[in-house]
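Next up, upload.txt (compact mmCIF, C-alpha atoms):
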# COMPACT_ATOMS: atom_id res chain seq x y z
CA MET A 1 79.18 -103.22 -15.30
CA THR A 2 78.76 -105.15 -18.57
CA ASN A 3 76.26 -107.47 -20.21
CA GLU A 4 78.67 -110.33 -19.47
CA THR A 5 78.40 -109.60 -15.74
CA TRP A 6 74.62 -109.54 -15.95
CA GLY A 7 74.73 -112.79 -17.93
CA SER A 8 76.62 -114.59 -15.16
CA VAL A 9 74.24 -113.20 -12.54
CA ARG A 10 71.27 -114.40 -14.65
CA GLU A 11 72.73 -117.91 -14.68
CA GLU A 12 73.04 -117.89 -10.90
CA LEU A 13 69.46 -116.61 -10.54
CA GLN A 14 68.19 -119.40 -12.78
CA ARG A 15 69.68 -121.92 -10.38
CA THR A 16 68.32 -120.28 -7.24
CA VAL A 17 64.85 -118.88 -8.05
CA GLY A 18 63.55 -121.86 -10.05
CA THR A 19 62.62 -122.29 -13.69
CA SER A 20 59.10 -120.83 -13.42
CA ASN A 21 60.16 -117.65 -11.59
CA PHE A 22 63.15 -117.18 -13.89
CA THR A 23 61.09 -117.53 -17.08
CA ASN A 24 58.32 -115.21 -15.88
CA TRP A 25 60.28 -112.49 -14.09
CA ILE A 26 64.06 -112.57 -14.68
CA GLU A 27 64.39 -113.57 -18.33
CA PRO A 28 62.44 -110.53 -19.67
CA LEU A 29 64.86 -108.12 -17.91
CA GLU A 30 67.37 -106.38 -20.16
CA PHE A 31 70.43 -104.58 -18.78
CA SER A 32 70.32 -100.95 -19.96
CA GLY A 33 73.16 -99.20 -18.17
CA PHE A 34 75.07 -98.49 -14.98
CA ARG A 35 75.78 -95.08 -13.50
CA ASP A 36 76.60 -93.76 -10.02
CA GLY A 37 75.96 -97.13 -8.39
CA VAL A 38 72.54 -97.52 -10.04
CA ALA A 39 71.96 -100.53 -12.31
CA VAL A 40 69.19 -99.80 -14.81
CA PHE A 41 67.10 -102.57 -16.36
CA SER A 42 64.52 -102.38 -19.12
CA VAL A 43 61.20 -104.15 -18.37
CA PRO A 44 58.09 -104.69 -20.53
CA THR A 45 55.70 -103.24 -17.92
CA SER A 46 55.83 -101.20 -14.73
CA PHE A 47 54.01 -104.00 -12.89
CA MET A 48 56.83 -106.41 -13.74
CA GLY A 49 59.42 -103.88 -12.58
CA ASN A 50 57.63 -103.40 -9.26
CA TRP A 51 57.23 -107.17 -8.77
CA VAL A 52 60.90 -107.92 -9.50
CA SER A 53 62.01 -105.08 -7.24
CA ARG A 54 59.90 -106.35 -4.31
CA ASN A 55 60.60 -110.06 -4.70
CA PHE A 56 64.07 -110.35 -6.23
CA GLY A 57 65.62 -106.87 -5.90
CA GLU A 58 67.84 -107.57 -2.89
CA GLN A 59 68.96 -110.91 -4.32
CA ILE A 60 69.94 -109.33 -7.66
CA LYS A 61 71.80 -106.51 -5.93
CA HIS A 62 73.67 -108.98 -3.70
CA LEU A 63 74.76 -111.12 -6.66
CA LEU A 64 75.91 -108.07 -8.63
CA ASN A 65 78.02 -106.89 -5.69
CA GLU A 66 79.48 -110.38 -5.34
CA ALA A 67 80.43 -110.17 -9.02
CA GLY A 68 82.52 -107.08 -8.23
CA GLU A 69 80.04 -104.32 -9.12
CA ALA A 70 79.37 -101.61 -6.53
CA VAL A 71 75.60 -101.54 -7.00
CA HIS A 72 73.68 -99.45 -4.45
CA ARG A 73 70.29 -99.41 -6.13
CA LEU A 74 68.30 -101.04 -8.94
CA GLU A 75 66.13 -99.09 -11.33
CA PHE A 76 63.51 -100.54 -13.67
CA ALA A 77 62.43 -98.52 -16.69
CA VAL A 78 59.56 -99.49 -18.97
CA ALA A 79 60.79 -100.08 -22.51
CA LYS A 80 59.26 -97.50 -24.84
CA THR A 81 58.56 -100.10 -27.51
CA ALA A 82 56.56 -102.20 -25.05
CA THR A 83 54.24 -99.57 -23.66
CA ARG A 84 51.89 -99.59 -26.63
CA THR A 85 52.31 -103.21 -27.74
CA ALA A 86 49.14 -105.25 -28.17
CA PRO A 87 48.58 -108.84 -29.34
CA LYS A 88 48.32 -109.18 -33.09
CA LYS A 89 44.83 -109.35 -34.49
CA SER A 90 43.50 -110.16 -37.93
CA GLN A 91 44.98 -108.40 -40.96
CA GLY A 92 41.82 -106.37 -41.38
CA ALA A 93 42.04 -104.76 -37.97
CA THR A 94 42.05 -100.97 -38.00
CA PRO A 95 43.93 -98.66 -35.61
CA ALA A 96 40.62 -97.86 -33.96
CA GLN A 97 40.03 -101.54 -33.30
CA THR A 98 43.49 -102.23 -31.87
CA GLN A 99 43.75 -99.10 -29.75
CA PRO A 100 41.79 -100.45 -26.72
CA GLN A 101 44.17 -103.42 -26.52
CA ALA A 102 47.07 -101.31 -25.22
CA PRO A 103 46.45 -101.97 -21.52
CA GLU A 104 46.96 -105.72 -22.08
CA VAL A 105 50.71 -105.45 -21.58
CA GLU A 106 49.98 -104.69 -17.94
CA LEU A 107 48.03 -107.89 -17.30
CA PRO A 108 49.00 -108.91 -13.75
CA GLY A 109 49.15 -112.67 -14.13
CA ALA A 110 50.87 -114.61 -11.36
CA PRO A 111 53.59 -117.16 -12.28
CA LEU A 112 52.31 -120.64 -13.12
CA ASP A 113 53.81 -123.83 -11.72
CA SER A 114 54.88 -126.03 -14.63
CA ARG A 115 54.28 -129.17 -12.52
CA PHE A 116 50.55 -128.48 -12.32
CA THR A 117 49.22 -129.86 -15.60
CA PHE A 118 46.30 -132.08 -16.57
CA ASP A 119 48.73 -134.93 -17.23
CA SER A 120 50.00 -134.82 -13.64
CA PHE A 121 46.50 -134.58 -12.12
CA VAL A 122 45.30 -137.93 -10.80
CA VAL A 123 41.57 -138.36 -11.45
CA GLY A 124 39.33 -140.29 -9.07
CA LYS A 125 35.71 -140.36 -8.01
CA PRO A 126 36.01 -137.35 -5.63
CA ASN A 127 37.36 -135.02 -8.34
CA GLU A 128 36.21 -136.43 -11.70
CA LEU A 129 33.50 -133.78 -12.25
CA ALA A 130 35.89 -130.92 -11.41
CA HIS A 131 38.51 -132.39 -13.77
CA ALA A 132 36.00 -132.81 -16.61
CA ALA A 133 34.70 -129.24 -16.20
CA ALA A 134 38.24 -127.84 -16.08
CA LYS A 135 39.21 -129.74 -19.25
CA ARG A 136 36.12 -128.41 -21.00
CA VAL A 137 36.98 -124.81 -20.14
CA ALA A 138 40.64 -125.36 -21.11
CA GLU A 139 39.56 -126.13 -24.68
CA GLY A 140 39.00 -122.39 -25.07
CA GLY A 141 35.67 -122.61 -26.86
CA PRO A 142 32.25 -121.42 -25.67
CA VAL A 143 30.85 -123.32 -22.70
CA SER A 144 27.37 -123.51 -21.25
CA PHE A 145 28.49 -122.51 -17.75
CA ASN A 146 30.07 -119.26 -16.66
CA PRO A 147 31.59 -118.90 -14.15
CA LEU A 148 33.17 -122.23 -13.24
CA PHE A 149 33.43 -122.26 -9.44
CA LEU A 150 35.72 -124.87 -7.84
CA TYR A 151 35.67 -125.33 -4.09
CA GLY A 152 37.03 -127.75 -1.52
CA GLY A 153 39.34 -128.11 1.44
CA VAL A 154 43.09 -127.62 1.58
CA GLY A 155 45.20 -129.81 -0.69
CA LEU A 156 42.39 -131.31 -2.79
CA GLY A 157 43.58 -129.97 -6.17
CA LYS A 158 41.86 -126.61 -6.75
CA THR A 159 45.05 -124.69 -7.48
CA HIS A 160 46.42 -127.60 -9.53
CA LEU A 161 43.38 -127.46 -11.82
CA MET A 162 43.54 -123.66 -12.06
CA HIS A 163 47.20 -123.77 -13.14
CA ALA A 164 46.44 -126.61 -15.56
CA ILE A 165 43.63 -124.63 -17.22
CA ALA A 166 45.82 -121.52 -17.57
CA GLN A 167 48.76 -123.44 -19.05
CA GLU A 168 46.57 -125.40 -21.46
CA LEU A 169 44.90 -122.22 -22.70
CA GLN A 170 48.21 -120.40 -23.10
CA SER A 171 49.56 -123.34 -25.09
CA GLU A 172 46.56 -124.13 -27.27
CA ARG A 173 44.99 -120.67 -27.56
CA PRO A 174 47.80 -118.08 -27.57
CA ASP A 175 45.37 -115.58 -29.11
CA LEU A 176 43.49 -115.37 -25.79
CA ASN A 177 44.46 -113.07 -22.93
CA VAL A 178 44.47 -115.45 -19.95
CA VAL A 179 45.06 -114.04 -16.47
CA TYR A 180 45.50 -116.19 -13.38
CA LEU A 181 45.96 -114.49 -10.02
CA SER A 182 44.98 -114.83 -6.40
CA ALA A 183 42.23 -112.78 -4.78
CA GLU A 184 44.96 -111.16 -2.68
CA GLN A 185 46.76 -110.00 -5.83
CA PHE A 186 43.50 -108.64 -7.24
CA MET A 187 43.02 -106.68 -4.03
CA TYR A 188 46.63 -105.43 -4.13
CA ARG A 189 46.21 -104.17 -7.70
CA PHE A 190 42.94 -102.48 -6.73
CA VAL A 191 44.47 -100.71 -3.70
CA GLN A 192 47.49 -99.67 -5.77
CA ALA A 193 45.19 -98.17 -8.42
CA LEU A 194 43.30 -96.23 -5.74
CA ARG A 195 46.52 -94.93 -4.21
CA GLU A 196 47.96 -93.87 -7.56
CA ARG A 197 44.59 -92.56 -8.84
CA LYS A 198 44.61 -94.91 -11.82
CA MET A 199 41.21 -96.53 -11.43
CA MET A 200 40.31 -96.12 -15.09
CA ASP A 201 43.51 -97.95 -16.07
CA PHE A 202 42.61 -100.70 -13.59
CA LYS A 203 39.11 -101.07 -15.01
CA GLU A 204 40.36 -101.19 -18.60
CA LEU A 205 43.07 -103.62 -17.58
CA PHE A 206 40.79 -106.29 -16.13
CA ARG A 207 38.04 -105.77 -18.68
CA SER A 208 40.46 -106.51 -21.52
CA VAL A 209 41.02 -110.16 -20.57
CA ASP A 210 39.43 -113.13 -22.32
CA VAL A 211 39.74 -115.56 -19.40
CA LEU A 212 39.97 -114.35 -15.80
CA MET A 213 40.99 -116.85 -13.12
CA VAL A 214 40.86 -115.84 -9.45
CA ASP A 215 42.15 -118.26 -6.80
CA ASP A 216 41.02 -118.26 -3.13
CA VAL A 217 38.22 -115.73 -3.64
CA GLN A 218 37.19 -116.09 0.03
CA PHE A 219 39.96 -113.61 0.90
CA ILE A 220 38.00 -110.66 -0.51
CA ALA A 221 35.14 -111.35 1.92
CA GLY A 222 34.71 -108.38 4.23
CA LYS A 223 36.71 -106.05 1.92
CA ASP A 224 33.80 -103.89 0.80
CA SER A 225 35.49 -101.75 -1.84
CA THR A 226 37.35 -104.70 -3.36
CA GLN A 227 34.11 -106.70 -3.49
CA GLU A 228 32.41 -103.79 -5.24
CA GLU A 229 35.05 -103.63 -7.96
CA PHE A 230 35.18 -107.42 -8.29
CA PHE A 231 31.41 -107.46 -8.80
CA HIS A 232 31.56 -104.85 -11.57
CA THR A 233 34.52 -106.60 -13.24
CA PHE A 234 32.64 -109.89 -13.05
CA ASN A 235 29.53 -108.40 -14.65
CA ALA A 236 31.49 -106.65 -17.40
CA LEU A 237 33.30 -109.84 -18.41
CA VAL A 238 30.17 -112.00 -18.33
CA ASP A 239 28.34 -109.45 -20.46
CA GLN A 240 31.16 -109.76 -23.02
CA ASN A 241 30.91 -113.59 -22.90
CA LYS A 242 34.39 -113.83 -21.38
CA GLN A 243 35.12 -116.91 -19.27
CA ILE A 244 35.59 -116.62 -15.49
CA ILE A 245 37.03 -119.36 -13.28
CA ILE A 246 36.95 -118.99 -9.50
CA SER A 247 38.20 -121.15 -6.63
CA ALA A 248 37.53 -121.01 -2.89
CA ASP A 249 37.75 -123.20 0.19
CA ARG A 250 33.96 -123.42 0.53
CA ALA A 251 30.77 -123.00 -1.50
CA PRO A 252 29.70 -119.43 -2.43
CA GLY A 253 26.74 -119.49 -0.04
CA GLU A 254 28.99 -120.48 2.87
CA ILE A 255 31.55 -117.66 2.54
CA LYS A 256 30.81 -115.28 5.41
CA GLU A 257 30.92 -111.52 4.78
CA LEU A 258 30.67 -112.02 1.03
CA GLU A 259 27.95 -109.81 -0.44
CA ASP A 260 24.74 -111.60 -1.39
CA ARG A 261 24.82 -110.24 -4.94
CA ILE A 262 28.32 -111.72 -5.44
CA LYS A 263 27.20 -115.05 -3.97
CA SER A 264 24.27 -115.05 -6.35
CA ARG A 265 26.51 -114.29 -9.33
CA LEU A 266 29.01 -117.00 -8.39
CA GLN A 267 26.23 -119.57 -8.08
CA CYS A 268 24.77 -118.83 -11.52
CA GLY A 269 27.38 -120.97 -13.30
CA LEU A 270 28.71 -124.44 -12.50
CA VAL A 271 29.64 -124.93 -8.84
CA VAL A 272 31.80 -128.03 -8.34
CA ASP A 273 32.88 -129.54 -5.03
CA LEU A 274 36.23 -131.34 -4.83
CA HIS A 275 35.47 -133.97 -2.21
CA PRO A 276 38.03 -135.30 0.27
CA THR A 277 40.23 -137.94 -1.36
CA ASP A 278 39.32 -141.58 -0.92
CA TYR A 279 41.78 -144.42 -0.41
CA GLU A 280 41.97 -145.39 -4.08
CA LEU A 281 42.69 -141.82 -5.21
CA ARG A 282 45.39 -141.34 -2.57
CA LEU A 283 47.04 -144.59 -3.63
CA GLY A 284 46.93 -143.51 -7.28
CA ILE A 285 48.59 -140.19 -6.41
CA LEU A 286 51.36 -141.99 -4.51
CA GLN A 287 51.95 -144.42 -7.36
CA GLN A 288 52.29 -141.55 -9.83
CA LYS A 289 54.77 -139.73 -7.56
CA VAL A 290 56.83 -142.90 -7.15
CA GLU A 291 57.21 -143.18 -10.93
CA LEU A 292 58.69 -139.67 -10.95
CA TYR A 293 60.95 -140.32 -7.97
CA ARG A 294 62.37 -143.52 -9.50
CA LYS A 295 64.17 -141.37 -12.07
CA GLN A 296 65.76 -139.26 -9.32
CA TYR A 297 66.41 -142.09 -6.85
CA SER A 298 67.10 -144.92 -9.30
CA GLY A 299 68.82 -147.23 -6.80
CA LEU A 300 66.16 -147.19 -4.08
CA VAL A 301 64.03 -150.25 -3.31
CA LEU A 302 60.41 -149.75 -2.23
CA ALA A 303 58.97 -152.64 -0.22
CA ASP A 304 55.45 -153.94 -0.81
CA GLY A 305 52.72 -152.43 1.35
CA VAL A 306 54.38 -149.06 2.05
CA LEU A 307 52.23 -147.04 -0.36
CA GLU A 308 49.07 -148.79 0.85
CA PHE A 309 50.03 -147.97 4.44
CA LEU A 310 50.57 -144.28 3.64
CA ALA A 311 47.34 -144.02 1.62
CA HIS A 312 45.39 -145.48 4.52
CA ARG A 313 47.02 -143.50 7.34
CA ILE A 314 47.47 -140.05 5.79
CA SER A 315 44.03 -138.88 4.69
CA THR A 316 44.12 -135.17 5.60
CA ASN A 317 45.12 -133.74 2.22
CA VAL A 318 47.25 -134.43 -0.83
CA ARG A 319 50.00 -131.94 0.06
CA VAL A 320 50.70 -133.72 3.35
CA LEU A 321 50.63 -137.06 1.54
CA GLU A 322 53.09 -135.94 -1.15
CA GLY A 323 55.30 -134.25 1.43
CA ALA A 324 55.48 -137.49 3.42
CA LEU A 325 56.55 -139.45 0.33
CA THR A 326 59.17 -136.83 -0.55
CA ARG A 327 60.63 -137.00 2.95
CA LEU A 328 60.63 -140.79 2.89
CA PHE A 329 62.53 -141.03 -0.41
CA ALA A 330 65.04 -138.34 0.60
CA PHE A 331 65.69 -140.00 3.99
CA ALA A 332 66.12 -143.48 2.47
CA SER A 333 68.51 -142.06 -0.13
CA LEU A 334 70.65 -140.29 2.47
CA VAL A 335 70.98 -143.29 4.79
CA GLY A 336 71.17 -145.81 1.93
CA ARG A 337 68.37 -148.08 3.13
CA GLU A 338 65.43 -149.87 1.54
CA ILE A 339 62.06 -148.14 2.03
CA THR A 340 60.27 -150.57 4.32
CA LEU A 341 57.19 -150.25 6.48
CA GLU A 342 59.37 -149.92 9.59
CA LEU A 343 61.42 -147.14 7.98
CA ALA A 344 58.24 -145.29 7.00
CA GLN A 345 56.87 -145.52 10.55
CA ASP A 346 60.11 -144.17 12.04
CA CYS A 347 60.72 -141.46 9.45
CA LEU A 348 57.13 -140.18 9.37
CA ALA A 349 56.25 -140.58 13.05
CA ASP A 350 55.20 -136.93 13.50
CA ILE A 351 53.04 -136.87 10.35
CA LEU A 352 51.39 -140.17 11.27
CA ARG A 353 50.60 -138.89 14.79
CA ALA A 354 49.07 -135.70 13.39
CA SER A 355 47.00 -137.75 10.92
CA ASP A 356 45.44 -139.82 13.70
CA ARG A 357 42.59 -137.35 14.04
CA LYS A 358 40.23 -137.93 16.96
CA ILE A 359 36.58 -138.11 15.90
CA THR A 360 34.15 -136.58 18.40
CA ILE A 361 30.60 -137.59 19.27
CA GLU A 362 29.43 -134.08 18.38
CA GLU A 363 30.96 -134.41 14.91
CA ILE A 364 29.22 -137.76 14.42
CA GLN A 365 25.89 -136.30 15.50
CA ARG A 366 26.26 -133.40 13.09
CA LYS A 367 27.21 -135.60 10.12
CA VAL A 368 24.36 -138.06 10.76
CA SER A 369 21.85 -135.20 11.15
CA GLU A 370 22.93 -133.73 7.82
CA HIS A 371 22.83 -137.12 6.12
CA TYR A 372 19.28 -137.91 7.26
CA ASN A 373 18.11 -134.30 7.01
CA ILE A 374 16.97 -133.91 10.62
CA ARG A 375 17.74 -131.23 13.17
CA LEU A 376 20.56 -131.84 15.63
CA SER A 377 18.20 -130.84 18.45
CA GLU A 378 15.82 -133.63 17.37
CA MET A 379 18.56 -136.24 17.50
CA ILE A 380 19.38 -135.53 21.14
CA GLY A 381 15.75 -134.72 22.03
CA PRO A 382 13.01 -137.01 23.43
CA LYS A 383 11.13 -137.85 20.18
CA ARG A 384 10.93 -141.58 19.39
CA VAL A 385 9.36 -141.53 15.91
CA ARG A 386 11.20 -143.82 13.52
CA THR A 387 12.45 -141.03 11.22
CA ILE A 388 14.41 -139.64 14.17
CA ALA A 389 15.06 -142.75 16.28
CA ARG A 390 16.83 -144.65 13.47
CA PRO A 391 19.37 -141.87 12.72
CA ARG A 392 19.89 -141.55 16.50
CA GLN A 393 20.74 -145.25 16.70
CA VAL A 394 23.09 -144.92 13.72
CA ALA A 395 24.88 -142.05 15.48
CA MET A 396 25.14 -144.12 18.69
CA PHE A 397 26.56 -147.06 16.72
CA LEU A 398 29.19 -144.88 15.03
CA SER A 399 30.06 -143.24 18.36
CA LYS A 400 30.71 -146.69 19.81
CA GLN A 401 32.78 -147.77 16.78
CA LEU A 402 34.79 -144.62 16.08
CA THR A 403 35.41 -143.12 19.54
CA SER A 404 36.82 -144.42 22.79
CA ARG A 405 33.91 -143.05 24.85
CA SER A 406 32.10 -145.36 27.26
CA LEU A 407 28.43 -146.26 26.85
CA PRO A 408 27.33 -144.02 29.78
CA GLU A 409 29.30 -141.10 28.29
CA ILE A 410 27.69 -141.66 24.89
CA GLY A 411 24.26 -141.79 26.56
CA ARG A 412 24.90 -138.46 28.29
CA ARG A 413 25.78 -136.84 24.93
CA PHE A 414 22.46 -138.05 23.51
CA GLY A 415 20.22 -136.09 25.84
CA GLY A 416 21.10 -137.91 29.08
CA ARG A 417 19.98 -141.36 27.96
CA ASP A 418 20.79 -144.49 29.95
CA HIS A 419 23.66 -146.72 28.78
CA THR A 420 21.19 -149.57 28.20
CA THR A 421 19.45 -147.41 25.58
CA VAL A 422 22.78 -146.98 23.80
CA MET A 423 23.41 -150.74 23.98
CA HIS A 424 20.00 -151.42 22.45
CA GLY A 425 20.63 -148.89 19.65
CA VAL A 426 24.07 -150.33 18.82
CA LYS A 427 22.73 -153.88 18.79
CA ARG A 428 19.78 -152.92 16.58
CA ILE A 429 22.04 -151.31 13.96
CA GLU A 430 24.37 -154.32 13.99
CA GLU A 431 21.39 -156.53 13.23
CA LEU A 432 20.04 -154.25 10.50
CA LYS A 433 23.31 -153.76 8.61
CA ALA A 434 23.59 -157.54 8.10
CA HIS A 435 20.51 -157.68 5.86
CA ASP A 436 19.55 -154.05 5.12
CA ASN A 437 21.73 -152.82 2.25
CA GLN A 438 20.62 -149.20 2.69
CA ILE A 439 21.71 -149.10 6.32
CA ALA A 440 25.04 -150.77 5.41
CA GLU A 441 25.66 -148.20 2.65
CA ASP A 442 24.73 -145.30 4.95
CA LEU A 443 27.15 -146.55 7.62
CA GLU A 444 30.02 -146.94 5.13
CA LEU A 445 29.39 -143.51 3.60
CA LEU A 446 29.25 -141.82 7.01
CA ARG A 447 32.34 -143.65 8.24
CA ARG A 448 34.36 -142.57 5.20
CA SER A 449 33.14 -139.00 5.52
CA LEU A 450 34.11 -138.87 9.20
CA GLU A 451 37.52 -140.45 8.67
CA ALA A 452 38.41 -138.32 5.62

Go through the file and emit its structure as structure tokens.
Amino acid sequence: MTNETWGSVREELQRTVGTSNFTNWIEPLEFSGFRDGVAVFSVPTSFMGNWVSRNFGEQIKHLLNEAGEAVHRLEFAVAKTATRTAPKKSQGATPAQTQPQAPEVELPGAPLDSRFTFDSFVVGKPNELAHAAAKRVAEGGPVSFNPLFLYGGVGLGKTHLMHAIAQELQSERPDLNVVYLSAEQFMYRFVQALRERKMMDFKELFRSVDVLMVDDVQFIAGKDSTQEEFFHTFNALVDQNKQIIISADRAPGEIKELEDRIKSRLQCGLVVDLHPTDYELRLGILQQKVELYRKQYSGLVLADGVLEFLAHRISTNVRVLEGALTRLFAFASLVGREITLELAQDCLADILRASDRKITIEEIQRKVSEHYNIRLSEMIGPKRVRTIARPRQVAMFLSKQLTSRSLPEIGRRFGGRDHTTVMHGVKRIEELKAHDNQIAEDLELLRRSLEA
């Protein structure tokens, strides 16, 4: 086996694993030798060797065998020159000052997606605060909030912002040690350190970073030992004024089985909610994607009204929305047709059906109770005081507008009330919204929240 053989295999890997994976994991590999069916590669760190072996080992071995080499096993050896390498510091640094930096070569950062940048992030009202906070942290200077905690549902842009922060910092502040990884990867590294009895190395490793970014932190909930170590790592970094950025699918206080002391710590910084996308933001995202697709599908014609239709009908999350547009462009390109409203309806029939979410009376009652700050039991109870009766009527009105339930059925869900009571409530709200701006705004806000 020669370097030329490895070079051809590298070229094939670049085509198949993607640019990001190739740059992060394959490019640093150096072919060292071949003996007795074992191909030996030099790697900067043992973590990288283990990662490549688990994720790309079989693929590399298969390609080498296809190239005519009888490779039975891959071996990854840490390069001696890399084991003690540390980032360069100021000229006045002494050996004593640089010595603690040695563990930094083992930093377990996950690969970053080059598509997820601030330039490709579409900003709208639901995410403008999260975007502004992320941009502020990405400047690399001291900030008044630590940690930055981003939370929201699936496909609202948390991971996009995390990747954008990491890439901006790596580009503008190469002197900083920036580590982005998922909570699952943090847990894996912790368990591996326990198994190999290298807990001191693990502690030094994570305490040597300047910016720690942990995605989907809800996954450590219920993992007592991992939570314990995460808590101590968190405290150590905050005490050193190092920046921490966390994301989750819900607010810290709502993550079940997460220790109270961790919840308290996470809430001491800036907690930002990425709200469900509104129509304008979804349309902006689609328009940006279309500009990118026009370069790839230069001959395709997009009819008026298609993007507006998709932005209105697909409101679950951005990933589904982008996936629908990708499918639509690919299908139109393959069949050589203009992208019309009819084509979109036929091509995306399954996605459109899934997006037609059925709103329930119980969901309406819960949303209205939260909005007016009353108990759900009070809404369906017998009290007739105005502070409870008005929200009850609002909920009845929305149940009539947004569900297919009959008036008697709605009455039964509101504590067994007669259908005439529901009729009176619906009529009263219709009258009020015509001249009461507050009621009209409440109804629009609740409707958008329920349909999001």

Box in all listed atoms of stretch 405-408 of chain A, axis-aligned, with 8 Å more on each side; write out centre and edge lengths in Å to one decimal as JSON.
{"center_x": 30.6, "center_y": -144.7, "center_z": 27.3, "size_x": 22.6, "size_y": 19.2, "size_z": 20.9}

Could the residues of stretch 93-208 of chain A that have an atom at most 7 Å from stretch 228-243 of chain A be listed as CSV, each with its closest atom pair and the distance in Å to one decimal, counting only C-alpha atoms and ordered by chain and ascending residue number?
residue,atom,partner,partner_atom,distance
A:Asn146,CA,A:Gln243,CA,6.2
A:Pro147,CA,A:Gln243,CA,6.5
A:Phe206,CA,A:Thr233,CA,6.9
A:Arg207,CA,A:Leu237,CA,6.3

Take the residues that were just selected and, keeping C-alpha atoms, output them as an mmCIF file, in the frame of the given file.
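The resulting selection00.cif:
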data_model
loop_
_atom_site.group_PDB
_atom_site.id
_atom_site.type_symbol
_atom_site.label_atom_id
_atom_site.label_comp_id
_atom_site.auth_asym_id
_atom_site.auth_seq_id
_atom_site.Cartn_x
_atom_site.Cartn_y
_atom_site.Cartn_z
ATOM 1 C CA ASN A 146 30.070 -119.260 -16.660
ATOM 2 C CA PRO A 147 31.590 -118.900 -14.150
ATOM 3 C CA PHE A 206 40.790 -106.290 -16.130
ATOM 4 C CA ARG A 207 38.040 -105.770 -18.680
#

Nearby residues (only C-alpha atoms) at most 10 Å from stretch 190-195 of chain A, same-chain spacing under 4 positions excluded, as a PyMOL selection string: chain A and resi 184-186+199-203+225-226+229-230

For atom CA of A:Ala221 and atom CA of A:Leu258, the interatomic separation in Å (one decimal):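 Computing it gives 4.6 Å between the two atoms.
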
Separation of atom CA of A:Glu257 from atom CA of A:Gly269, in Å and rounded to one decimal: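 Atom CA of A:Glu257 sits 20.7 Å away from atom CA of A:Gly269.
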
For A:Val71: contacts at 8 Å, all atoms listed in the file, fewer than 4 positions along chain excluded, given as number ranges by chain: A: 37-39, 61, 64-65

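Across the model, the gap from atom CA of A:Ile410 to atom CA of A:His312 is 27.3 Å.
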
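Here the question is which of A:Gly381, A:Glu362, A:Lys158, A:Gly305 gets nearest to A:Gly416 using only C-alpha atoms, and that residue is A:Gly381.
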
A:Lys383 environment, 12 Å, only C-alpha atoms, sequence neighbours closer than 5 positions dropped, as an mmCIF file with C-alpha atoms, in the frame of the given file:
data_model
loop_
_atom_site.group_PDB
_atom_site.id
_atom_site.type_symbol
_atom_site.label_atom_id
_atom_site.label_comp_id
_atom_site.auth_asym_id
_atom_site.auth_seq_id
_atom_site.Cartn_x
_atom_site.Cartn_y
_atom_site.Cartn_z
ATOM 1 C CA ILE A 374 16.970 -133.910 10.620
ATOM 2 C CA ARG A 375 17.740 -131.230 13.170
ATOM 3 C CA SER A 377 18.200 -130.840 18.450
ATOM 4 C CA GLU A 378 15.820 -133.630 17.370
ATOM 5 C CA ILE A 388 14.410 -139.640 14.170
ATOM 6 C CA ALA A 389 15.060 -142.750 16.280
ATOM 7 C CA ARG A 390 16.830 -144.650 13.470
ATOM 8 C CA PRO A 391 19.370 -141.870 12.720
ATOM 9 C CA ARG A 392 19.890 -141.550 16.500
ATOM 10 C CA PHE A 414 22.460 -138.050 23.510
ATOM 11 C CA GLY A 415 20.220 -136.090 25.840
#

Selected residue of minimal separation from A:Glu291 among A:Phe329, A:Arg313, A:Arg189, A:Leu150, counting all atoms listed in the file: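 Residue with the minimum atom-to-atom distance to A:Glu291: A:Phe329.
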
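By chain and then residue number, the residues within 10 Å of A:Gly141 are Arg136, Val137, Ala138, Arg173 and Gln243 of chain A, counting only C-alpha atoms and disregarding those fewer than 3 positions away in sequence.
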
Nearest to A:Cys268 by atom-to-atom distance, counting all atoms listed in the file, from A:Ser144, A:Ser404, A:Ser42, A:Gln59: A:Ser144

Closest of A:Lys198, A:Lys433, A:His163, A:His72 to A:Phe116 - atom-to-atom distances counting only C-alpha atoms: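 Among the listed residues, the smallest separation from A:Phe116 belongs to A:His163.
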
Cut-off 12 Å around (51.0, -135.9, -15.1) with all atoms listed in the file: residues as number ranges by chain: A: 114-123, 160-161, 164, 284-285, 287-289, 291-292

From A:Tyr293, A:Asp273, A:Ile361, A:Leu398, residue lying nearest A:Ala330 [all atoms listed in the file]: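 When distances to A:Ala330 are compared using all atoms listed in the file, the smallest one comes from A:Tyr293.
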
Contact residues around A:Arg413 with all atoms listed in the file at 12 Å, ignoring same-chain residues under 6 positions, as a list in words: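 Listing them by chain and then by number gives Thr360, Ile361, Glu362, Glu363, Ile364, Gln365, Leu376, Ser377, Met379, Ile380, Gly381, Arg392, Ala395, Met396, Ser399, Arg405, Ser406, Leu407, His419 and Val422 of chain A.
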
Counting only C-alpha atoms, the option among A:His275, A:Leu63, A:Gln345, A:Gly49 closest to A:Leu307: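 Going through A:His275, A:Leu63, A:Gln345, A:Gly49 one by one, the smallest distance to A:Leu307 is for A:Gln345.
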